[in-house]
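Data from model21.txt: compact mmCIF, C-alpha atoms
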```txt
# COMPACT_ATOMS: atom_id res chain seq x y z
CA MET C 19 14.44 1.58 -26.89
CA THR C 20 13.30 -1.27 -29.12
CA ALA C 21 10.58 -0.88 -31.72
CA ASP C 22 8.30 -3.06 -29.58
CA GLN C 23 8.89 -0.83 -26.57
CA LYS C 24 8.14 2.30 -28.59
CA GLN C 25 4.91 0.79 -29.84
CA LEU C 26 3.96 -0.34 -26.37
CA GLN C 27 4.77 3.03 -24.86
CA THR C 28 2.60 4.90 -27.33
CA GLU C 29 -0.32 2.53 -27.79
CA VAL C 30 -1.01 0.23 -24.86
CA SER C 31 -2.07 1.37 -21.41
CA LEU C 32 -1.79 -0.89 -18.37
CA ALA C 33 -5.00 0.58 -16.99
CA ASP C 34 -6.83 -0.10 -20.25
CA ALA C 35 -5.47 -3.63 -20.47
CA PHE C 36 -6.98 -4.49 -17.08
CA GLN C 37 -10.05 -2.25 -17.19
CA ASP C 38 -12.37 -5.26 -16.99
CA ASP C 39 -10.39 -6.81 -14.13
CA PHE C 40 -9.21 -4.30 -11.53
CA LEU C 41 -7.78 -0.82 -11.09
CA ILE C 42 -4.08 -0.25 -11.73
CA GLY C 43 -2.60 2.15 -9.21
CA ALA C 44 0.66 3.81 -8.20
CA ALA C 45 1.93 5.50 -5.08
CA VAL C 46 2.93 9.10 -5.75
CA ASN C 47 4.32 12.12 -3.97
CA LYS C 48 4.50 15.84 -4.60
CA ARG C 49 7.55 15.38 -6.86
CA THR C 50 6.51 12.35 -8.89
CA ILE C 51 3.15 13.80 -9.91
CA VAL C 52 5.36 16.24 -11.84
CA SER C 53 8.36 14.12 -12.87
CA GLN C 54 6.21 11.08 -13.79
CA SER C 55 3.09 12.95 -14.86
CA ASP C 56 2.84 11.59 -18.41
CA LEU C 57 3.52 8.02 -17.31
CA LEU C 58 0.90 8.24 -14.56
CA LYS C 59 -1.74 9.69 -16.86
CA LYS C 60 -1.18 6.99 -19.45
CA HIS C 61 -0.83 3.80 -17.45
CA TYR C 62 -2.53 4.27 -14.08
CA ASN C 63 -6.13 4.96 -13.09
CA SER C 64 -5.69 4.96 -9.31
CA LEU C 65 -3.30 6.82 -7.00
CA THR C 66 -2.16 6.55 -3.39
CA ALA C 67 -0.24 9.28 -1.58
CA GLU C 68 3.06 7.74 -0.50
CA ASN C 69 3.46 9.82 2.68
CA GLU C 70 1.42 12.98 2.27
CA MET C 71 -1.74 11.66 3.98
CA LYS C 72 -0.02 10.02 6.94
CA PHE C 73 -0.61 11.50 10.38
CA GLU C 74 2.71 13.36 10.72
CA SER C 75 2.29 14.93 7.28
CA LEU C 76 -1.26 16.14 7.78
CA HIS C 77 -1.32 16.88 11.50
CA PRO C 78 2.17 17.75 12.81
CA GLU C 79 0.86 19.73 15.80
CA GLU C 80 -2.30 19.32 17.81
CA HIS C 81 -4.02 22.43 16.55
CA ARG C 82 -2.43 22.63 13.09
CA TYR C 83 -3.22 20.69 9.93
CA THR C 84 -1.07 20.90 6.80
CA PHE C 85 -3.15 19.79 3.82
CA GLU C 86 -1.28 21.50 0.98
CA GLU C 87 0.66 18.54 -0.39
CA ALA C 88 -2.20 16.08 0.08
CA ASP C 89 -4.54 18.51 -1.66
CA ARG C 90 -2.13 18.71 -4.60
CA ILE C 91 -2.22 14.94 -5.04
CA SER C 92 -5.99 14.86 -4.61
CA GLY C 93 -6.31 17.57 -7.24
CA PHE C 94 -4.05 15.70 -9.67
CA ALA C 95 -6.18 12.57 -9.29
CA SER C 96 -9.42 14.49 -9.81
CA GLU C 97 -8.14 16.43 -12.81
CA ASN C 98 -7.10 13.22 -14.54
CA GLY C 99 -10.14 11.10 -13.70
CA MET C 100 -8.22 8.80 -11.38
CA LYS C 101 -9.46 6.98 -8.30
CA LEU C 102 -7.75 7.93 -5.04
CA ARG C 103 -6.92 5.65 -2.11
CA GLY C 104 -6.42 7.17 1.34
CA HIS C 105 -3.30 6.00 3.20
CA THR C 106 -3.28 5.82 6.21
CA LEU C 107 -5.31 6.95 9.23
CA VAL C 108 -3.90 4.97 12.16
CA TRP C 109 -0.34 3.61 12.19
CA HIS C 110 2.38 3.26 14.80
CA ASN C 111 4.92 4.87 12.44
CA GLN C 112 4.92 8.43 11.10
CA THR C 113 2.66 9.62 13.90
CA PRO C 114 3.96 12.66 15.83
CA ASP C 115 4.88 12.31 19.50
CA TRP C 116 2.36 14.89 20.67
CA VAL C 117 -0.48 12.47 19.90
CA PHE C 118 0.63 10.18 22.73
CA GLU C 119 1.53 12.89 25.28
CA ASP C 120 -0.75 14.64 27.77
CA GLY C 121 0.99 18.01 27.55
CA ASN C 122 2.25 17.81 31.13
CA GLY C 123 5.17 15.48 30.65
CA GLY C 124 3.12 12.30 30.90
CA LYS C 125 1.44 9.87 28.56
CA ALA C 126 -1.99 10.54 27.08
CA GLY C 127 -4.69 8.38 28.64
CA ARG C 128 -7.32 6.32 26.83
CA ASP C 129 -9.99 9.02 26.65
CA LEU C 130 -7.60 11.69 25.37
CA LEU C 131 -6.13 9.33 22.77
CA LEU C 132 -9.56 8.30 21.56
CA ASP C 133 -10.61 11.94 21.30
CA ARG C 134 -7.51 12.75 19.26
CA MET C 135 -7.98 9.73 17.01
CA LYS C 136 -11.64 10.59 16.44
CA SER C 137 -10.92 14.25 15.72
CA HIS C 138 -8.11 13.43 13.29
CA ILE C 139 -10.12 10.83 11.41
CA GLU C 140 -13.23 13.03 11.21
CA THR C 141 -11.23 16.01 9.93
CA VAL C 142 -9.19 14.11 7.35
CA VAL C 143 -11.86 11.73 6.04
CA SER C 144 -14.45 14.51 5.80
CA ARG C 145 -12.05 16.74 3.85
CA TYR C 146 -11.52 14.12 1.14
CA LYS C 147 -15.01 12.64 1.19
CA ASP C 148 -15.66 13.55 -2.45
CA THR C 149 -12.34 12.30 -3.83
CA ILE C 150 -11.15 9.32 -1.76
CA TYR C 151 -13.15 6.15 -2.37
CA CYS C 152 -11.33 3.91 0.12
CA TRP C 153 -9.07 4.24 3.15
CA ASP C 154 -6.36 2.13 4.73
CA VAL C 155 -7.84 2.79 8.14
CA VAL C 156 -5.38 0.82 10.28
CA ASN C 157 -1.93 -0.14 9.07
CA GLU C 158 0.34 -2.95 10.28
CA ALA C 159 -1.25 -3.72 13.65
CA VAL C 160 -0.33 -7.43 13.66
CA THR C 161 2.94 -8.94 14.89
CA ASP C 162 5.28 -10.66 12.44
CA GLU C 163 6.25 -13.52 14.74
CA GLY C 164 5.53 -15.09 18.11
CA THR C 165 2.31 -15.99 19.87
CA GLU C 166 1.10 -12.44 20.52
CA TRP C 167 -1.01 -11.23 17.64
CA MET C 168 -1.21 -7.48 18.25
CA ARG C 169 1.86 -5.34 17.63
CA PRO C 170 2.81 -3.55 20.89
CA THR C 171 2.26 0.03 19.74
CA LYS C 172 1.50 3.27 21.56
CA TRP C 173 -2.04 3.03 20.23
CA LEU C 174 -2.48 -0.39 21.80
CA HIS C 175 -0.86 0.59 25.09
CA GLY C 176 -2.75 3.87 25.33
CA ILE C 177 -6.24 2.75 24.28
CA GLY C 178 -6.38 -1.02 24.47
CA GLU C 179 -7.20 -3.77 21.99
CA ASP C 180 -10.33 -2.01 20.78
CA TYR C 181 -8.35 0.84 19.19
CA ILE C 182 -8.66 -0.86 15.80
CA GLU C 183 -12.42 -1.23 16.15
CA GLN C 184 -12.75 2.40 17.22
CA ALA C 185 -10.73 3.63 14.24
CA PHE C 186 -12.96 1.81 11.76
CA ARG C 187 -16.13 3.08 13.45
CA PHE C 188 -14.84 6.67 13.43
CA ALA C 189 -13.94 6.42 9.74
CA HIS C 190 -17.31 4.96 8.81
CA ALA C 191 -19.10 7.72 10.71
CA ALA C 192 -17.07 10.33 8.82
CA ASP C 193 -17.82 8.83 5.38
CA SER C 194 -20.36 6.02 5.21
CA GLN C 195 -19.67 5.53 1.48
CA ALA C 196 -15.92 4.98 1.75
CA LEU C 197 -14.55 1.43 1.60
CA LEU C 198 -12.48 0.73 4.70
CA PHE C 199 -9.41 -1.54 4.60
CA TYR C 200 -7.03 -3.14 7.04
CA ASN C 201 -3.54 -3.04 5.46
CA ASP C 202 -0.43 -5.12 6.24
CA TYR C 203 2.83 -6.59 4.89
CA ASN C 204 4.17 -10.18 5.04
CA GLU C 205 0.52 -10.91 4.48
CA CYS C 206 1.19 -14.22 2.73
CA ASN C 207 3.37 -15.65 5.49
CA PRO C 208 1.17 -18.45 6.90
CA GLY C 209 1.69 -17.49 10.55
CA LYS C 210 1.00 -13.80 10.07
CA ARG C 211 -1.79 -14.57 7.59
CA GLU C 212 -3.71 -16.39 10.29
CA LYS C 213 -3.28 -13.49 12.72
CA ILE C 214 -4.65 -11.05 10.14
CA TYR C 215 -7.50 -13.44 9.34
CA PHE C 216 -8.34 -13.87 13.03
CA MET C 217 -8.28 -10.13 13.69
CA VAL C 218 -10.51 -9.20 10.76
CA LYS C 219 -12.87 -12.09 11.49
CA SER C 220 -13.25 -10.95 15.10
CA LEU C 221 -13.95 -7.38 13.96
CA LEU C 222 -16.58 -8.51 11.48
CA GLU C 223 -18.26 -10.61 14.13
CA LYS C 224 -18.64 -7.44 16.23
CA GLY C 225 -20.25 -5.63 13.31
CA VAL C 226 -17.23 -3.40 12.72
CA PRO C 227 -17.33 -1.84 9.21
CA VAL C 228 -14.27 -3.53 7.69
CA HIS C 229 -14.82 -3.82 3.94
CA GLY C 230 -11.49 -5.12 2.76
CA ILE C 231 -7.96 -6.33 3.41
CA GLY C 232 -4.97 -4.69 1.79
CA LEU C 233 -2.13 -7.04 0.88
CA GLN C 234 0.90 -4.78 0.60
CA ALA C 235 2.67 -7.26 -1.72
CA HIS C 236 6.24 -6.13 -1.07
CA TRP C 237 7.60 -9.26 -2.71
CA ASN C 238 10.85 -10.25 -4.43
CA LEU C 239 12.20 -12.58 -7.11
CA TYR C 240 12.05 -15.55 -4.77
CA ASP C 241 9.41 -15.01 -2.07
CA PRO C 242 6.60 -15.55 -1.39
CA SER C 243 5.64 -18.61 -3.41
CA LEU C 244 2.63 -18.56 -5.70
CA ASP C 245 1.00 -21.17 -3.49
CA GLN C 246 1.37 -18.92 -0.45
CA ILE C 247 -0.15 -15.98 -2.33
CA ARG C 248 -3.07 -18.08 -3.54
CA GLU C 249 -3.67 -19.46 -0.06
CA ALA C 250 -3.67 -15.95 1.41
CA ILE C 251 -6.09 -14.63 -1.20
CA GLU C 252 -8.50 -17.50 -0.63
CA ARG C 253 -8.22 -17.31 3.16
CA TYR C 254 -8.95 -13.59 3.30
CA ALA C 255 -11.65 -13.76 0.64
CA SER C 256 -13.46 -16.41 2.69
CA LEU C 257 -14.34 -13.61 5.12
CA GLY C 258 -16.54 -12.04 2.44
CA VAL C 259 -14.42 -8.89 2.12
CA LYS C 260 -12.79 -7.34 -0.93
CA LEU C 261 -9.04 -7.53 -1.44
CA GLN C 262 -6.54 -5.09 -2.90
CA MET C 263 -2.83 -5.31 -3.61
CA THR C 264 -1.91 -1.99 -2.07
CA GLU C 265 1.88 -1.45 -2.22
CA MET C 266 3.22 -3.88 -4.79
CA ASP C 267 6.81 -4.14 -5.92
CA VAL C 268 9.09 -7.04 -6.85
CA SER C 269 12.56 -6.45 -5.41
CA MET C 270 15.54 -7.79 -7.28
CA PHE C 271 17.00 -8.95 -3.96
CA ALA C 272 15.97 -11.47 -1.34
CA PHE C 273 15.45 -9.65 1.97
CA ASP C 274 18.66 -11.03 3.51
CA ASP C 275 20.75 -10.29 0.38
CA ARG C 276 23.14 -7.44 1.28
CA ARG C 277 25.04 -7.07 -2.00
CA THR C 278 25.80 -3.52 -3.17
CA ASP C 279 27.90 -4.12 -6.27
CA LEU C 280 25.26 -3.70 -8.99
CA THR C 281 24.69 -0.49 -10.93
CA GLU C 282 21.99 -2.10 -13.05
CA PRO C 283 20.01 -5.34 -12.84
CA THR C 284 21.50 -8.42 -14.46
CA ALA C 285 19.82 -10.04 -17.45
CA GLU C 286 18.88 -12.98 -15.24
CA MET C 287 17.25 -10.67 -12.69
CA MET C 288 15.22 -9.04 -15.44
CA ARG C 289 14.15 -12.43 -16.74
CA LEU C 290 13.11 -13.67 -13.31
CA GLN C 291 11.21 -10.46 -12.59
CA GLU C 292 9.33 -10.75 -15.88
CA VAL C 293 8.38 -14.34 -15.05
CA ARG C 294 7.25 -13.36 -11.56
CA TYR C 295 5.11 -10.46 -12.77
CA LYS C 296 3.50 -12.69 -15.39
CA GLN C 297 2.67 -15.32 -12.77
CA PHE C 298 1.31 -12.73 -10.37
CA PHE C 299 -1.00 -11.11 -12.89
CA GLU C 300 -2.26 -14.46 -14.11
CA LEU C 301 -3.12 -15.25 -10.50
CA PHE C 302 -4.72 -11.84 -9.92
CA ARG C 303 -6.99 -12.28 -12.91
CA GLU C 304 -8.19 -15.59 -11.50
CA TYR C 305 -9.46 -13.72 -8.46
CA LYS C 306 -10.75 -10.56 -10.10
CA GLU C 307 -14.17 -11.09 -8.50
CA VAL C 308 -12.65 -10.32 -5.09
CA LEU C 309 -9.50 -8.40 -6.09
CA THR C 310 -10.52 -4.85 -7.02
CA SER C 311 -7.21 -3.01 -7.33
CA VAL C 312 -3.48 -3.58 -7.86
CA THR C 313 -1.41 -0.61 -6.70
CA PHE C 314 2.36 -0.42 -7.15
CA TRP C 315 4.43 1.37 -4.53
CA GLY C 316 5.79 3.71 -7.16
CA ALA C 317 5.34 4.10 -10.90
CA ALA C 318 8.87 3.58 -12.29
CA ASP C 319 12.35 2.66 -11.11
CA ASP C 320 13.62 6.25 -11.17
CA TYR C 321 11.93 6.58 -7.77
CA THR C 322 11.37 3.68 -5.37
CA TRP C 323 11.41 3.44 -1.58
CA LEU C 324 13.56 0.31 -1.99
CA ASP C 325 16.55 2.42 -3.03
CA HIS C 326 18.83 2.24 0.05
CA PHE C 327 16.41 -0.04 1.92
CA PRO C 328 17.14 -2.31 3.64
CA VAL C 329 20.73 -1.81 2.39
CA ARG C 330 22.21 1.68 2.35
CA GLY C 331 23.85 2.68 -0.93
CA ARG C 332 22.01 0.11 -3.04
CA LYS C 333 19.80 0.81 -6.04
CA ASN C 334 16.79 -1.43 -6.70
CA TRP C 335 14.61 -1.92 -9.80
CA PRO C 336 11.30 -3.36 -8.52
CA LEU C 337 8.68 -1.79 -10.79
CA LEU C 338 7.27 -2.33 -14.29
CA PHE C 339 8.89 0.77 -15.80
CA ASP C 340 12.64 1.43 -15.80
CA THR C 341 14.65 4.42 -14.61
CA ASP C 342 13.87 6.22 -17.89
CA GLN C 343 10.15 5.45 -17.34
CA ARG C 344 10.17 3.06 -20.29
CA PRO C 345 8.16 -0.16 -20.09
CA LYS C 346 10.13 -3.27 -19.26
CA ASP C 347 9.50 -6.45 -21.21
CA ALA C 348 7.36 -7.52 -18.24
CA VAL C 349 4.73 -4.96 -19.26
CA LYS C 350 4.33 -6.47 -22.70
CA THR C 351 4.27 -9.94 -21.13
CA ILE C 352 1.46 -9.27 -18.66
CA ILE C 353 -0.61 -7.26 -21.15
CA GLY C 354 -0.19 -9.95 -23.80
CA GLN C 355 -1.57 -12.76 -21.67
```
Entire entry expressed as structure tokens:
Amino acid sequence: MTADQKQLQTEVSLADAFQDDFLIGAAVNKRTIVSQSDLLKKHYNSLTAENEMKFESLHPEEHRYTFEEADRISGFASENGMKLRGHTLVWHNQTPDWVFEDGNGGKAGRDLLLDRMKSHIETVVSRYKDTIYCWDVVNEAVTDEGTEWMRPTKWLHGIGEDYIEQAFRFAHAADSQALLFYNDYNECNPGKREKIYFMVKSLLEKGVPVHGIGLQAHWNLYDPSLDQIREAIERYASLGVKLQMTEMDVSMFAFDDRRTDLTEPTAEMMRLQEVRYKQFFELFREYKEVLTSVTFWGAADDYTWLDHFPVRGRKNWPLLFDTDQRPKDAVKTIIGQ
């Protein structure tokens, strides 16, 4: 570790550096709140449960909830004075099969699905009413390509197009103080951006309590362009909602890059990542009036969901802290702006 890194590690906090701009968050799980505890306490003032608050984790069987791991993360946030984001109430992934079944070998109908959605949202949102300040209510409901705008999920097929509206109304009824977000990836792609914009606009016109849009920000060294990010921010902000970067990381690899030969990032990769992070945070600060939080999908490179995804057997290094939880040069760069 260089002298500059040692000084940075002991003296400068990311959260403090951006305290007048937006929250700095990290996704955590039951293991990382232990293994990365000191790093989290120093540099982050907001947390998101990586998987522990998803439907299958909290509600694996119809009449059984399992809150232990989510409670542990909620307790860690409270004990350390951190904000807590709720993620996520309604998603087509990581939802158990029983939700969509009628118990007699058939598919659950609209009324049964709505009852189950309402009960789940009421139970979960009410439990964390005093600790969770915002929820990703619906996750990834928009198609990536094509003319259809709604992803063909079991929620859509079972309830109909108003399932998104119903989810937001149920969440608002359970906690009228919570900020409610729609969350999605590829959010800066112009085609998908317009679908997300159209959907949220139509919900707002119906008086649905949508307070914000979550831009997942799973980006890489090459995509998306700064212009695309700026255009997305301005397009979404024109709806009068707040924005948050909810799952940010900057992969060392383009999505279609399948190489597996690296055991550590090259110097050029590190340089490009530093440049990208600097550009991103300069842009974020420009929009701090509408951008209220930047959450990374992980705290350091010792644990990232991008290890082995989308390429099995490949390590990735997408975050601001390295595998030893030391700050990369990018941290000094963005703080020193």
Who sits within 10 Å of Phe85 of chain C, only C-alpha atoms, same chain under 6 positions skipped, as a PyMOL selection string: chain C and resi 70-71+75-77+142+145
So, with only C-alpha atoms as the atoms that count, which of C:Lys296, C:Lys172, C:Lys224, C:Lys60 lies closest to Pro114 of chain C? C:Lys172
Could you please determine the separation between atom CA of Pro336 of chain C and atom CA of Thr322 of chain C in Å, to one decimal place? 7.7 Å
For Phe94 of chain C, list every protein, DNA or RNA residue within 10 Å, evaluated using all atoms listed in the file, and leave out those in the same chain fewer than 2 positions away; present the list as a list in words. Lys48, Ile51, Val52, Ser55, Lys59, Leu65, Ala88, Asp89, Arg90, Ile91, Ser92, Ser96, Glu97, Asn98, Gly99, Met100 and Leu102 of chain C
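Distances to Ala44 of chain C were evaluated for C:His190, C:His61, C:Lys346, C:Arg82 using only C-alpha atoms, and the minimum falls at C:His61.
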Calculated over only C-alpha atoms, which of the candidates C:Leu197, C:Leu280, C:Val218, C:Ala35 has the smallest distance to Phe299 of chain C? C:Ala35
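Comparing C:Gln112, C:Gln195, C:Thr278, C:Thr149 by their smallest distance to Gly93 of chain C, the closest is C:Thr149 (using only C-alpha atoms).
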Just to confirm, what's the straight-line distance from atom CA of Met287 of chain C to atom CA of Ala45 of chain C in Å (one decimal)? 23.5 Å
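Atom CA of Gln291 of chain C sits 9.2 Å away from atom CA of Leu337 of chain C.
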Show which residues sit within 10 Å of Ile247 of chain C, as a short mmCIF file (atom, residue, chain, number, x, y, z; two decimals) with C-alpha atoms, in the frame of the given file. Count only C-alpha atoms, and ignore same-chain residues fewer than 3 positions away.
```cif
data_model
loop_
_atom_site.label_atom_id
_atom_site.label_comp_id
_atom_site.auth_asym_id
_atom_site.auth_seq_id
_atom_site.Cartn_x
_atom_site.Cartn_y
_atom_site.Cartn_z
CA GLU C 205 0.52 -10.91 4.48
CA CYS C 206 1.19 -14.22 2.73
CA ASN C 207 3.37 -15.65 5.49
CA PRO C 208 1.17 -18.45 6.90
CA LEU C 233 -2.13 -7.04 0.88
CA ALA C 235 2.67 -7.26 -1.72
CA ASP C 241 9.41 -15.01 -2.07
CA PRO C 242 6.60 -15.55 -1.39
CA SER C 243 5.64 -18.61 -3.41
CA LEU C 244 2.63 -18.56 -5.70
CA ALA C 250 -3.67 -15.95 1.41
CA ILE C 251 -6.09 -14.63 -1.20
CA GLU C 252 -8.50 -17.50 -0.63
CA ARG C 253 -8.22 -17.31 3.16
CA PHE C 298 1.31 -12.73 -10.37
CA LEU C 301 -3.12 -15.25 -10.50
CA PHE C 302 -4.72 -11.84 -9.92
#
```
